[in-house]
Amino acid sequence: MNAPTATVDWPEKLYGTLKRAGIRQVGYVPDAGHARLIDRCRADPDIHDVVLTTEEEGVALAAGAWLGGQRAVLLMQSSGVGNCINMLSLARSCRFPLLMMITMRGEWEEFNPWQEPMGSIVDPVLRLSEAEIYRATKPEEVEGLAERAVQHVFGDERIAALLLSQQLIGKKVWTK
Amino acid sequence: MSGLERRAAMATLLADRKDDLLVIPGLGSTCWDLAAAGDNDRNFYLWGAMGGAAMIGLGLALAQPDKRVLVVTGDGEMLMGMGALATIGIKQPQNLAVVVFDNGHYGETGMQPSHTHKGGVDLLGVARSCGIATCLDVADEAALADLAARLKELSGPLFARLAIAIADPPRVLPERDGTVLKARFRAAIGV
């Protein structure tokens with residue numbers, strides 16, 4: 001008989017990674033996949049949680065934070081990547097460190113076909129924008145990849161995106 | 001044509017500038033206006049990122065609560081990032097001022113009318129409804145002097161709309177290498 005395997009609590013691991021990285025500003029457009037991480041950040045008095053009207057605001061927020069000597073992270077869903085494209089020029093032109101954590105939609109057992117067009121091009125669009133991509137599909141690999149993304153971003157003032165596969169998030173329940 | 005002269009207005013806002021004042025202009029005309037007022041390592045000039053000036057200001061203001069952050073941008077740039085006013089209103093930074101040089105036109109692209117043209121969209125009303133308590137309509141020298149005085153001691157987010165004259169003064173171009181601008185800004189404030 002196999003011992004029960006404990007599922008890694010990856011949102012909690014991500015919070016731990018953000019704390020160890022010294023993240024002080026968290027910009028986000030509310031997202032179900034990031035709900036627990038957002039709650040943890042909102043409850044943290046050492047973190048400025050900044051709810052955004054659109055994801056591109058977060059790219060500018062992170063640049064301002066770095067100008068002022070603070071580290072920021074931008075949390076979003078895959079659809080938000082499209083909202084960021086031109087503003088990513090800011091990070092590229094000035095080499096601002098930009099850490100993005102992106103929950104994926106439109107891939108695994110997606111019910112809503114309108115999520116597919118943007119979800120399917122997140123990876124190439126970010127690569128064209130000079131972002132390093134770290135993709136996590138299993139709970140146990142989230143933390144390690146997040147740590148590497150942090151190192152890439154703040155160690156060398158670069159752009160990186162941690163893509164959190166839809167398998168991690170689970171199916172969205174449409175009927176109640 | 002009525003309205004304040006933009007270069008003189010910028011000079012008034014920055015008169016007797018202290019080291020605790022950090023300035024972010026929008027791209028285009030307000031960037032040239034800021035450069036014309038005298039280069040300073042504590043300016044972070046924008047040559048792009050349209051719609052991002054106010055949010056850069058917010059990130060900076062949160063990171064540097066003991067300094068004052070002044071965003072000076074144009075009506076077109078503010079309109080593109082109008083959601084930032086909502087975000088700032090919710091966050092209530094104590095040390096951030098957003099000043100819009102409003103001439104109702106897109107000056108960099110041939111003076112096409114913007115949404116604020118002839119009283120179309122009222123950016124002051126937008127800022128007020130976003131919860132920015134101090135909203136100033138600046139249309140004459142007295143109001144400009146009052147704004148300049150208020151910028152010296154911020155206590156809560158401030159928004160001001162300056163009615164500026166339509167003009168296209170000679171461009172004064174600052175450094176345009178973003179990595180240089182970033183590095184010198186950070187060095188100047190010691191981060």
# chains A, B, ... in the order shown; residues from 1 in each chain; ligands from 1

$ residues_around --residues "Val121 of chain B" --least-positions-apart "5" --cutoff "12 Å" --atoms "only C-alpha atoms" --output "PyMOL selection string"
chain B and resi 75-76+78-79+82+102+104+113-116+126-127+161

$ select_by_dssp --residues "chain A" --states "alpha helix (DSSP H)" --output "number ranges by chain"
A: 10-20, 35-42, 55-67, 78-84, 88-94, 116-119, 122-128, 139-156, 166-169

$ residues_around --residues "Gly26 of chain B" --least-positions-apart "5" --cutoff "9 Å" --atoms "only C-alpha atoms" --output "mmCIF file with N, CA and C atoms, in the first residue's frame"
data_model
loop_
_atom_site.group_PDB
_atom_site.id
_atom_site.type_symbol
_atom_site.label_atom_id
_atom_site.label_comp_id
_atom_site.auth_asym_id
_atom_site.auth_seq_id
_atom_site.Cartn_x
_atom_site.Cartn_y
_atom_site.Cartn_z
ATOM 1 N N CYS B 31 7.972 65.824 -21.361
ATOM 2 C CA CYS B 31 9.364 65.376 -21.197
ATOM 3 C C CYS B 31 10.313 66.483 -21.648
ATOM 4 N N TYR B 45 13.191 60.578 -17.340
ATOM 5 C CA TYR B 45 12.532 60.960 -18.593
ATOM 6 C C TYR B 45 11.942 59.739 -19.289
ATOM 7 N N LEU B 46 10.765 59.910 -19.829
ATOM 8 C CA LEU B 46 10.137 58.832 -20.591
ATOM 9 C C LEU B 46 10.148 59.174 -22.071
ATOM 10 N N TRP B 47 10.623 58.237 -22.868
ATOM 11 C CA TRP B 47 10.611 58.363 -24.324
ATOM 12 C C TRP B 47 9.585 57.402 -24.932
ATOM 13 N N GLY B 48 8.877 56.722 -24.098
ATOM 14 C CA GLY B 48 7.869 55.760 -24.545
ATOM 15 C C GLY B 48 6.975 55.441 -23.361
ATOM 16 N N ALA B 49 6.418 54.203 -23.337
ATOM 17 C CA ALA B 49 5.577 53.763 -22.218
ATOM 18 C C ALA B 49 4.371 54.673 -22.045
ATOM 19 N N MET B 50 3.760 55.063 -23.155
ATOM 20 C CA MET B 50 2.603 55.964 -23.086
ATOM 21 C C MET B 50 1.494 55.344 -22.229
ATOM 22 N N GLY B 51 1.002 56.130 -21.302
ATOM 23 C CA GLY B 51 -0.020 55.664 -20.372
ATOM 24 C C GLY B 51 0.569 55.146 -19.067
ATOM 25 N N GLY B 52 1.886 55.146 -18.949
ATOM 26 C CA GLY B 52 2.515 54.543 -17.769
ATOM 27 C C GLY B 52 3.066 55.516 -16.750
ATOM 28 N N ALA B 53 3.078 56.798 -17.054
ATOM 29 C CA ALA B 53 3.770 57.755 -16.178
ATOM 30 C C ALA B 53 3.225 57.748 -14.751
ATOM 31 N N ALA B 54 1.913 57.803 -14.615
ATOM 32 C CA ALA B 54 1.326 57.888 -13.270
ATOM 33 C C ALA B 54 1.599 56.620 -12.470
ATOM 34 N N VAL B 71 4.491 63.575 -10.919
ATOM 35 C CA VAL B 71 4.295 63.142 -12.301
ATOM 36 C C VAL B 71 3.711 64.330 -13.056
ATOM 37 N N VAL B 72 4.363 64.713 -14.126
ATOM 38 C CA VAL B 72 3.817 65.795 -14.965
ATOM 39 C C VAL B 72 3.639 65.239 -16.360
ATOM 40 N N THR B 73 2.404 65.140 -16.782
ATOM 41 C CA THR B 73 2.153 64.510 -18.070
ATOM 42 C C THR B 73 1.109 65.292 -18.866
ATOM 43 N N GLY B 74 0.901 64.875 -20.083
ATOM 44 C CA GLY B 74 -0.060 65.560 -20.933
ATOM 45 C C GLY B 74 -1.432 64.908 -20.904
ATOM 46 N N GLU B 77 -1.509 61.426 -22.755
ATOM 47 C CA GLU B 77 -0.851 60.354 -22.003
ATOM 48 C C GLU B 77 -1.710 59.931 -20.820
ATOM 49 N N MET B 78 -2.315 60.908 -20.151
ATOM 50 C CA MET B 78 -3.177 60.591 -19.009
ATOM 51 C C MET B 78 -4.417 59.834 -19.461
#

$ residues_around --residues "Pro93 of chain B" --least-positions-apart "2" --cutoff "8 Å" --atoms "only C-alpha atoms" --output "JSON, numbers by chain"
{"B": [58, 61, 62, 88, 91, 95, 96, 156, 157]}

$ write_last_selection --atoms "N, CA and C atoms" --output "CSV table (one decimal), in the first residue's frame"
chain,number,residue,atom,x,y,z
B,58,LEU,N,3.5,55.9,-9.0
B,58,LEU,CA,2.9,55.2,-7.8
B,58,LEU,C,3.9,54.2,-7.2
B,61,ALA,N,6.6,56.2,-5.5
B,61,ALA,CA,6.1,56.9,-4.3
B,61,ALA,C,5.9,55.9,-3.1
B,62,LEU,N,5.5,54.7,-3.5
B,62,LEU,CA,5.3,53.6,-2.4
B,62,LEU,C,6.7,53.2,-1.9
B,88,ILE,N,-4.5,54.7,-8.1
B,88,ILE,CA,-4.0,55.6,-7.2
B,88,ILE,C,-5.0,56.0,-6.1
B,91,LYS,N,-5.2,53.3,-3.6
B,91,LYS,CA,-4.0,53.1,-2.9
B,91,LYS,C,-3.7,54.3,-2.0
B,95,ASN,N,2.4,60.8,-0.9
B,95,ASN,CA,3.5,61.6,-1.4
B,95,ASN,C,3.5,61.7,-2.9
B,96,LEU,N,2.4,61.5,-3.5
B,96,LEU,CA,2.3,61.5,-5.0
B,96,LEU,C,1.4,62.6,-5.5
B,156,GLY,N,-1.1,63.2,1.1
B,156,GLY,CA,-2.2,62.6,0.4
B,156,GLY,C,-2.1,62.9,-1.1
B,157,PRO,N,-2.6,62.0,-1.9
B,157,PRO,CA,-2.5,62.2,-3.3
B,157,PRO,C,-3.1,63.5,-3.8

$ select_by_dssp --residues "segment 46-168 of chain A" --states "strand (DSSP E)" --output "JSON, numbers by chain"
{"A": [48, 49, 50, 51, 71, 72, 73, 74, 75, 76, 77, 98, 99, 100, 101, 102, 103, 131, 132, 133, 134, 135, 136, 159, 160, 161, 162, 163, 164]}

$ write_last_selection --atoms "N, CA and C atoms" --output "PDB file, in the first residue's frame"
ATOM      1  N   HIS A  48       3.178  46.149  -0.151  1.00  0.00           N
ATOM      2  CA  HIS A  48       2.154  47.014  -0.741  1.00  0.00           C
ATOM      3  C   HIS A  48       1.401  46.178  -1.778  1.00  0.00           C
ATOM      4  N   ASP A  49       0.143  45.875  -1.515  1.00  0.00           N
ATOM      5  CA  ASP A  49      -0.651  45.183  -2.525  1.00  0.00           C
ATOM      6  C   ASP A  49      -1.362  46.240  -3.353  1.00  0.00           C
ATOM      7  N   VAL A  50      -1.200  46.153  -4.641  1.00  0.00           N
ATOM      8  CA  VAL A  50      -1.745  47.187  -5.526  1.00  0.00           C
ATOM      9  C   VAL A  50      -2.662  46.525  -6.547  1.00  0.00           C
ATOM     10  N   VAL A  51      -3.952  46.690  -6.357  1.00  0.00           N
ATOM     11  CA  VAL A  51      -4.895  46.134  -7.319  1.00  0.00           C
ATOM     12  C   VAL A  51      -4.954  47.078  -8.520  1.00  0.00           C
ATOM     13  N   ARG A  71      11.651  45.881  -4.776  1.00  0.00           N
ATOM     14  CA  ARG A  71      11.357  44.808  -5.711  1.00  0.00           C
ATOM     15  C   ARG A  71       9.845  44.581  -5.780  1.00  0.00           C
ATOM     16  N   ALA A  72       9.373  44.318  -6.998  1.00  0.00           N
ATOM     17  CA  ALA A  72       7.938  44.107  -7.205  1.00  0.00           C
ATOM     18  C   ALA A  72       7.711  42.812  -7.968  1.00  0.00           C
ATOM     19  N   VAL A  73       6.496  42.330  -7.888  1.00  0.00           N
ATOM     20  CA  VAL A  73       6.079  41.196  -8.721  1.00  0.00           C
ATOM     21  C   VAL A  73       4.718  41.546  -9.315  1.00  0.00           C
ATOM     22  N   LEU A  74       4.462  41.011 -10.491  1.00  0.00           N
ATOM     23  CA  LEU A  74       3.185  41.233 -11.166  1.00  0.00           C
ATOM     24  C   LEU A  74       2.495  39.888 -11.326  1.00  0.00           C
ATOM     25  N   LEU A  75       1.310  39.785 -10.742  1.00  0.00           N
ATOM     26  CA  LEU A  75       0.524  38.555 -10.820  1.00  0.00           C
ATOM     27  C   LEU A  75      -0.599  38.751 -11.830  1.00  0.00           C
ATOM     28  N   MET A  76      -0.762  37.793 -12.704  1.00  0.00           N
ATOM     29  CA  MET A  76      -1.842  37.925 -13.683  1.00  0.00           C
ATOM     30  C   MET A  76      -2.207  36.585 -14.280  1.00  0.00           C
ATOM     31  N   GLN A  77      -3.299  36.618 -15.036  1.00  0.00           N
ATOM     32  CA  GLN A  77      -3.751  35.481 -15.806  1.00  0.00           C
ATOM     33  C   GLN A  77      -3.212  35.631 -17.234  1.00  0.00           C
ATOM     34  N   LEU A  98      11.764  42.669 -14.118  1.00  0.00           N
ATOM     35  CA  LEU A  98      10.311  42.484 -14.140  1.00  0.00           C
ATOM     36  C   LEU A  98      10.000  41.012 -13.929  1.00  0.00           C
ATOM     37  N   LEU A  99       9.393  40.723 -12.794  1.00  0.00           N
ATOM     38  CA  LEU A  99       9.009  39.362 -12.443  1.00  0.00           C
ATOM     39  C   LEU A  99       7.496  39.215 -12.595  1.00  0.00           C
ATOM     40  N   MET A 100       7.114  38.286 -13.467  1.00  0.00           N
ATOM     41  CA  MET A 100       5.689  38.044 -13.689  1.00  0.00           C
ATOM     42  C   MET A 100       5.350  36.606 -13.317  1.00  0.00           C
ATOM     43  N   MET A 101       4.242  36.425 -12.636  1.00  0.00           N
ATOM     44  CA  MET A 101       3.753  35.084 -12.340  1.00  0.00           C
ATOM     45  C   MET A 101       2.369  34.969 -12.975  1.00  0.00           C
ATOM     46  N   ILE A 102       2.259  34.036 -13.921  1.00  0.00           N
ATOM     47  CA  ILE A 102       1.101  34.025 -14.819  1.00  0.00           C
ATOM     48  C   ILE A 102       0.369  32.694 -14.729  1.00  0.00           C
ATOM     49  N   THR A 103      -0.883  32.750 -14.331  1.00  0.00           N
ATOM     50  CA  THR A 103      -1.694  31.537 -14.327  1.00  0.00           C
ATOM     51  C   THR A 103      -2.277  31.345 -15.724  1.00  0.00           C
ATOM     52  N   ALA A 131      11.569  37.956 -22.519  1.00  0.00           N
ATOM     53  CA  ALA A 131      11.347  37.375 -21.198  1.00  0.00           C
ATOM     54  C   ALA A 131      11.891  35.945 -21.173  1.00  0.00           C
ATOM     55  N   GLU A 132      12.494  35.581 -20.057  1.00  0.00           N
ATOM     56  CA  GLU A 132      12.874  34.193 -19.819  1.00  0.00           C
ATOM     57  C   GLU A 132      11.617  33.487 -19.301  1.00  0.00           C
ATOM     58  N   ILE A 133      11.365  32.287 -19.821  1.00  0.00           N
ATOM     59  CA  ILE A 133      10.128  31.577 -19.461  1.00  0.00           C
ATOM     60  C   ILE A 133      10.453  30.393 -18.549  1.00  0.00           C
ATOM     61  N   TYR A 134       9.735  30.297 -17.451  1.00  0.00           N
ATOM     62  CA  TYR A 134       9.816  29.143 -16.572  1.00  0.00           C
ATOM     63  C   TYR A 134       8.412  28.570 -16.457  1.00  0.00           C
ATOM     64  N   ARG A 135       8.240  27.338 -16.906  1.00  0.00           N
ATOM     65  CA  ARG A 135       6.889  26.776 -16.888  1.00  0.00           C
ATOM     66  C   ARG A 135       6.781  25.658 -15.858  1.00  0.00           C
ATOM     67  N   ALA A 136       5.804  25.787 -14.982  1.00  0.00           N
ATOM     68  CA  ALA A 136       5.559  24.765 -13.968  1.00  0.00           C
ATOM     69  C   ALA A 136       4.260  24.039 -14.288  1.00  0.00           C
ATOM     70  N   ILE A 159      13.847  40.348 -17.501  1.00  0.00           N
ATOM     71  CA  ILE A 159      12.423  40.017 -17.455  1.00  0.00           C
ATOM     72  C   ILE A 159      12.276  38.500 -17.383  1.00  0.00           C
ATOM     73  N   ALA A 160      11.421  38.030 -16.511  1.00  0.00           N
ATOM     74  CA  ALA A 160      11.125  36.602 -16.486  1.00  0.00           C
ATOM     75  C   ALA A 160       9.656  36.389 -16.147  1.00  0.00           C
ATOM     76  N   ALA A 161       9.124  35.293 -16.685  1.00  0.00           N
ATOM     77  CA  ALA A 161       7.738  34.924 -16.410  1.00  0.00           C
ATOM     78  C   ALA A 161       7.690  33.484 -15.923  1.00  0.00           C
ATOM     79  N   LEU A 162       7.048  33.290 -14.793  1.00  0.00           N
ATOM     80  CA  LEU A 162       6.749  31.949 -14.317  1.00  0.00           C
ATOM     81  C   LEU A 162       5.341  31.617 -14.800  1.00  0.00           C
ATOM     82  N   LEU A 163       5.243  30.634 -15.695  1.00  0.00           N
ATOM     83  CA  LEU A 163       3.932  30.230 -16.202  1.00  0.00           C
ATOM     84  C   LEU A 163       3.417  29.067 -15.363  1.00  0.00           C
ATOM     85  N   LEU A 164       2.255  29.251 -14.790  1.00  0.00           N
ATOM     86  CA  LEU A 164       1.648  28.232 -13.940  1.00  0.00           C
ATOM     87  C   LEU A 164       0.559  27.530 -14.749  1.00  0.00           C
TER      88      LEU A 164
END

$ atom_distance --atom1 "atom CA of Thr17 of chain A" --atom2 "atom CA of Thr87 of chain B"
25.9 Å

$ closest_residue --among "A:Ala35, A:Ala63, A:Val125, A:Met118" --to "chain B" --atoms "only C-alpha atoms"
A:Ala63

$ interface_residues --of "chain B" --to "chain A" --cutoff "7 Å" --atoms "only C-alpha atoms" --output "tab-separated table (two decimals) with N, CA and C atoms, in the first residue's frame"
chain	number	residue	atom	x	y	z
B	49	ALA	N	6.42	54.20	-23.34
B	49	ALA	CA	5.58	53.76	-22.22
B	49	ALA	C	4.37	54.67	-22.04
B	52	GLY	N	1.89	55.15	-18.95
B	52	GLY	CA	2.52	54.54	-17.77
B	52	GLY	C	3.07	55.52	-16.75
B	55	MET	N	1.61	55.46	-13.16
B	55	MET	CA	1.87	54.22	-12.43
B	55	MET	C	3.34	54.07	-12.04
B	56	ILE	N	4.25	54.58	-12.87
B	56	ILE	CA	5.65	54.60	-12.46
B	56	ILE	C	5.75	55.48	-11.21
B	57	GLY	N	5.03	56.59	-11.23
B	57	GLY	CA	5.01	57.47	-10.07
B	57	GLY	C	4.49	56.77	-8.82
B	58	LEU	N	3.46	55.94	-8.99
B	58	LEU	CA	2.91	55.24	-7.82
B	58	LEU	C	3.92	54.25	-7.25
B	59	GLY	N	4.54	53.46	-8.11
B	59	GLY	CA	5.54	52.49	-7.62
B	59	GLY	C	6.68	53.18	-6.90
B	60	LEU	N	7.10	54.30	-7.46
B	60	LEU	CA	8.19	55.07	-6.85
B	60	LEU	C	7.76	55.70	-5.52
B	63	ALA	N	7.68	53.16	-2.83
B	63	ALA	CA	9.03	52.71	-2.46
B	63	ALA	C	9.80	53.77	-1.69
B	64	GLN	N	9.46	55.03	-1.89
B	64	GLN	CA	10.19	56.14	-1.26
B	64	GLN	C	9.22	57.06	-0.51
B	83	GLY	N	-6.95	54.53	-16.07
B	83	GLY	CA	-7.17	53.57	-14.98
B	83	GLY	C	-6.20	53.78	-13.82
B	84	ALA	N	-5.05	54.37	-14.12
B	84	ALA	CA	-4.08	54.62	-13.05
B	84	ALA	C	-4.67	55.54	-11.99
B	87	THR	N	-6.47	53.37	-9.66
B	87	THR	CA	-5.53	52.60	-8.84
B	87	THR	C	-4.90	53.49	-7.77
B	91	LYS	N	-5.22	53.32	-3.64
B	91	LYS	CA	-3.99	53.12	-2.86
B	91	LYS	C	-3.67	54.31	-1.95
B	178	GLY	N	17.70	54.52	-21.75
B	178	GLY	CA	16.93	54.19	-20.55
B	178	GLY	C	17.76	53.60	-19.42
B	179	THR	N	18.77	52.83	-19.79
B	179	THR	CA	19.59	52.22	-18.73
B	179	THR	C	20.41	53.29	-18.01
B	182	LYS	N	17.96	55.23	-15.73
B	182	LYS	CA	17.63	54.41	-14.55
B	182	LYS	C	18.78	54.41	-13.56
B	185	PHE	N	19.40	57.80	-11.82
B	185	PHE	CA	18.32	58.11	-10.89
B	185	PHE	C	18.52	57.35	-9.59
B	186	ARG	N	18.78	56.05	-9.70
B	186	ARG	CA	18.96	55.23	-8.51
B	186	ARG	C	20.18	55.65	-7.72
B	191	VAL	N	19.91	54.18	-3.93
B	191	VAL	CA	19.39	52.81	-3.86
B	191	VAL	C	20.12	51.92	-4.86

$ closest_residue --among "A:Leu14, A:Val122, A:Met104, A:Ala43" --to "Gly170 of chain A" --atoms "only C-alpha atoms"
A:Met104

$ residues_around --residues "Glu55 of chain A" --least-positions-apart "4" --cutoff "7 Å" --atoms "only C-alpha atoms" --output "ChimeraX atom specification"
/A:28-29,76,80,83-84

$ residues_around --residues "Ala8 of chain B" --least-positions-apart "6" --cutoff "10 Å" --atoms "only C-alpha atoms" --output "PDB file with N, CA and C atoms, in the first residue's frame"
ATOM      1  N   LEU B  14       8.865  73.825 -10.486  1.00  0.00           N
ATOM      2  CA  LEU B  14      10.150  73.268 -10.039  1.00  0.00           C
ATOM      3  C   LEU B  14      11.065  74.314  -9.411  1.00  0.00           C
ATOM      4  N   ASP B  33       9.535  69.638 -21.753  1.00  0.00           N
ATOM      5  CA  ASP B  33       9.349  70.743 -20.792  1.00  0.00           C
ATOM      6  C   ASP B  33      10.221  70.529 -19.556  1.00  0.00           C
ATOM      7  N   ALA B  36      13.805  71.121 -20.365  1.00  0.00           N
ATOM      8  CA  ALA B  36      14.053  72.555 -20.563  1.00  0.00           C
ATOM      9  C   ALA B  36      14.189  73.287 -19.226  1.00  0.00           C
ATOM     10  N   ALA B  37      13.568  72.740 -18.196  1.00  0.00           N
ATOM     11  CA  ALA B  37      13.633  73.383 -16.880  1.00  0.00           C
ATOM     12  C   ALA B  37      14.978  73.124 -16.199  1.00  0.00           C
TER      13      ALA B  37
END

$ closest_residue --among "A:Ile85, A:Ala32, A:Cys41, A:Val26" --to "Arg127 of chain A" --atoms "only C-alpha atoms"
A:Ile85

$ closest_residue --among "B:Leu162, B:Leu151, B:His105, B:Leu4" --to "Val138 of chain B" --atoms "only C-alpha atoms"
B:Leu162

$ closest_residue --among "B:Ile132, B:Leu85, B:Ala148, B:Ala167" --to "Arg7 of chain B" --atoms "only C-alpha atoms"
B:Ala167

$ atom_distance --atom1 "atom CA of Gly190 of chain B" --atom2 "atom CA of Phe44 of chain B"
14.8 Å
